[in-house]
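Let me begin by presenting the structure, written as structure tokens, before commenting on it.
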Amino acid sequence: MSLAHALMTSLLEKPSSGYDLARRFDKSIGFFWHATHQQIYRELARMEKAGWIASEAAPDGGKTRKRLYQVCPDGETELRRWVLEPTAPTDLRDELMVRLRADAAIGPLGLEPELRRRQALHEARLAAYRAIEQRDFPIGRSLSREARIQHMILKTGIMYEEAWARWSAETLKLLAE
């Protein structure tokens with residue numbers, strides 16, 4: 001996935017200034033695709049040059065350089081093309097797995113503190129996701145198709161964090177043997 005496609009998706013949901021887009025990105029797509037604010041601004045400039053997005057001075061910009069971005073027809077065409085491209089699942093590439101293999105080969109190496117730290121990080125992210133779920137997707141509320149899809153994306157994050165938290169606990173038990 002490219003940052004451009006993530007940004008266009010966000011802009012289709014709501015035209016925004018670069019600053020507002022970066023803040024929204026951090027709170028939504030940023031859970032699944034990380035980008036710094038600097039990368040976002042560079043990509044916006046590149047996308048505008050390519051004709052995928054357009055910007056105008058923001059009505060509330062005053063004398064600042066604040067711009068309001070929105071997706072152009074060429075950008076929507078590109079996003080539609082990209083969405084239909086086949087993609088390979090992401091491979092697990094985690095240094096901790098290699099460290100555990102080293103522990104298995106050499107003997108106890110003291111990985112427990114790192115595993116506990118990782119477990120705490122996954123549990124914290126899980127708590128954040130569950131709080132978002134309770135806030136944005138309350139049980140019994142009728143949701144639009146768009147909201148149901150967004151909920152499914154959030155559920156992927158919840159299941160991912162639950163799995164890592166469980167795996168961490170199980171691995172800590174094993175290392176304690």
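Residue names in the structure tokens use chain letters A, B, ... in the order shown, residue numbers from 1 in each chain, and ligand numbers from 1 in the order shown.
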(message) Give me, as a VMD selection string, all polymer residues having an atom no more than 9 Å from segment 85-100 of chain A, counting only C-alpha atoms and skipping those fewer than 6 positions away in the same chain.
(response) chain A and resid 1 109 111 114 to 115
(request) Could you tell me which of A:Ala163, A:Ala6, A:Met152, A:Leu172 comes closest to Glu78 of chain A if we count only C-alpha atoms? (result)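 When distances to Glu78 of chain A are compared using only C-alpha atoms, the smallest one comes from A:Ala6.
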Going by DSSP on the backbone, which residues of segment 68-147 of chain A come out as helix (DSSP H, G or I)? List them as a PDB file with C-alpha atoms, in the first residue's frame.
ATOM      1  CA  PRO A  73     -11.397  12.654 -10.560  1.00  0.00           C
ATOM      2  CA  ASP A  74      -7.923  11.372 -11.584  1.00  0.00           C
ATOM      3  CA  GLY A  75      -7.211  10.582  -7.942  1.00  0.00           C
ATOM      4  CA  GLU A  76     -10.447   8.652  -7.560  1.00  0.00           C
ATOM      5  CA  THR A  77      -9.631   6.732 -10.763  1.00  0.00           C
ATOM      6  CA  GLU A  78      -6.199   5.868  -9.351  1.00  0.00           C
ATOM      7  CA  LEU A  79      -7.702   4.782  -6.028  1.00  0.00           C
ATOM      8  CA  ARG A  80     -10.239   2.551  -7.805  1.00  0.00           C
ATOM      9  CA  ARG A  81      -7.424   0.999  -9.873  1.00  0.00           C
ATOM     10  CA  TRP A  82      -5.285   0.397  -6.790  1.00  0.00           C
ATOM     11  CA  VAL A  83      -8.129  -1.110  -4.707  1.00  0.00           C
ATOM     12  CA  GLU A  95      13.020  -9.561  15.542  1.00  0.00           C
ATOM     13  CA  LEU A  96      11.601 -11.070  18.723  1.00  0.00           C
ATOM     14  CA  MET A  97      10.930 -14.331  16.857  1.00  0.00           C
ATOM     15  CA  VAL A  98      14.624 -14.605  15.934  1.00  0.00           C
ATOM     16  CA  ARG A  99      15.591 -13.839  19.529  1.00  0.00           C
ATOM     17  CA  LEU A 100      13.307 -16.642  20.722  1.00  0.00           C
ATOM     18  CA  ARG A 101      14.926 -19.007  18.208  1.00  0.00           C
ATOM     19  CA  ALA A 102      18.304 -17.996  19.646  1.00  0.00           C
ATOM     20  CA  ASP A 103      16.949 -18.690  23.146  1.00  0.00           C
ATOM     21  CA  ALA A 104      15.820 -22.133  21.982  1.00  0.00           C
ATOM     22  CA  ALA A 105      19.238 -22.853  20.438  1.00  0.00           C
ATOM     23  CA  ILE A 106      21.494 -21.472  23.179  1.00  0.00           C
ATOM     24  CA  GLU A 112      11.106 -12.379  29.954  1.00  0.00           C
ATOM     25  CA  PRO A 113      11.381  -8.602  30.559  1.00  0.00           C
ATOM     26  CA  GLU A 114      11.044  -7.909  26.827  1.00  0.00           C
ATOM     27  CA  LEU A 115       8.082 -10.271  26.542  1.00  0.00           C
ATOM     28  CA  ARG A 116       6.353  -8.597  29.508  1.00  0.00           C
ATOM     29  CA  ARG A 117       7.004  -5.180  27.949  1.00  0.00           C
ATOM     30  CA  ARG A 118       5.559  -6.329  24.630  1.00  0.00           C
ATOM     31  CA  GLN A 119       2.571  -7.910  26.350  1.00  0.00           C
ATOM     32  CA  ALA A 120       1.860  -4.623  28.146  1.00  0.00           C
ATOM     33  CA  LEU A 121       2.062  -2.705  24.854  1.00  0.00           C
ATOM     34  CA  HIS A 122      -0.389  -5.082  23.176  1.00  0.00           C
ATOM     35  CA  GLU A 123      -2.750  -4.946  26.149  1.00  0.00           C
ATOM     36  CA  ALA A 124      -2.652  -1.127  26.116  1.00  0.00           C
ATOM     37  CA  ARG A 125      -3.433  -1.015  22.387  1.00  0.00           C
ATOM     38  CA  LEU A 126      -6.205  -3.573  22.930  1.00  0.00           C
ATOM     39  CA  ALA A 127      -7.728  -1.380  25.649  1.00  0.00           C
ATOM     40  CA  ALA A 128      -7.580   1.626  23.311  1.00  0.00           C
ATOM     41  CA  TYR A 129      -9.285  -0.320  20.517  1.00  0.00           C
ATOM     42  CA  ARG A 130     -11.998  -1.570  22.858  1.00  0.00           C
ATOM     43  CA  ALA A 131     -12.617   1.990  24.070  1.00  0.00           C
ATOM     44  CA  ILE A 132     -12.995   3.140  20.451  1.00  0.00           C
ATOM     45  CA  GLU A 133     -15.369   0.240  19.810  1.00  0.00           C
ATOM     46  CA  GLN A 134     -17.574   1.157  22.789  1.00  0.00           C
ATOM     47  CA  ARG A 135     -17.566   4.838  21.791  1.00  0.00           C
ATOM     48  CA  ASP A 136     -18.101   4.495  18.039  1.00  0.00           C
ATOM     49  CA  ARG A 145     -22.595   0.091   5.717  1.00  0.00           C
ATOM     50  CA  GLU A 146     -19.628   2.474   6.005  1.00  0.00           C
ATOM     51  CA  ALA A 147     -19.664   2.258   9.819  1.00  0.00           C
TER      52      ALA A 147
END
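For the residues A:Ala22, A:Leu11, A:Ala35, A:Met159, ranking by smallest atom-to-atom distance to Trp52 of chain A using only C-alpha atoms places A:Leu11 first.
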(message) Using only C-alpha atoms for the distances, tell me which of A:Lys14, A:Tyr69, A:Glu43, A:Leu7 is nearest to Asp26 of chain A.
(response) A:Leu7
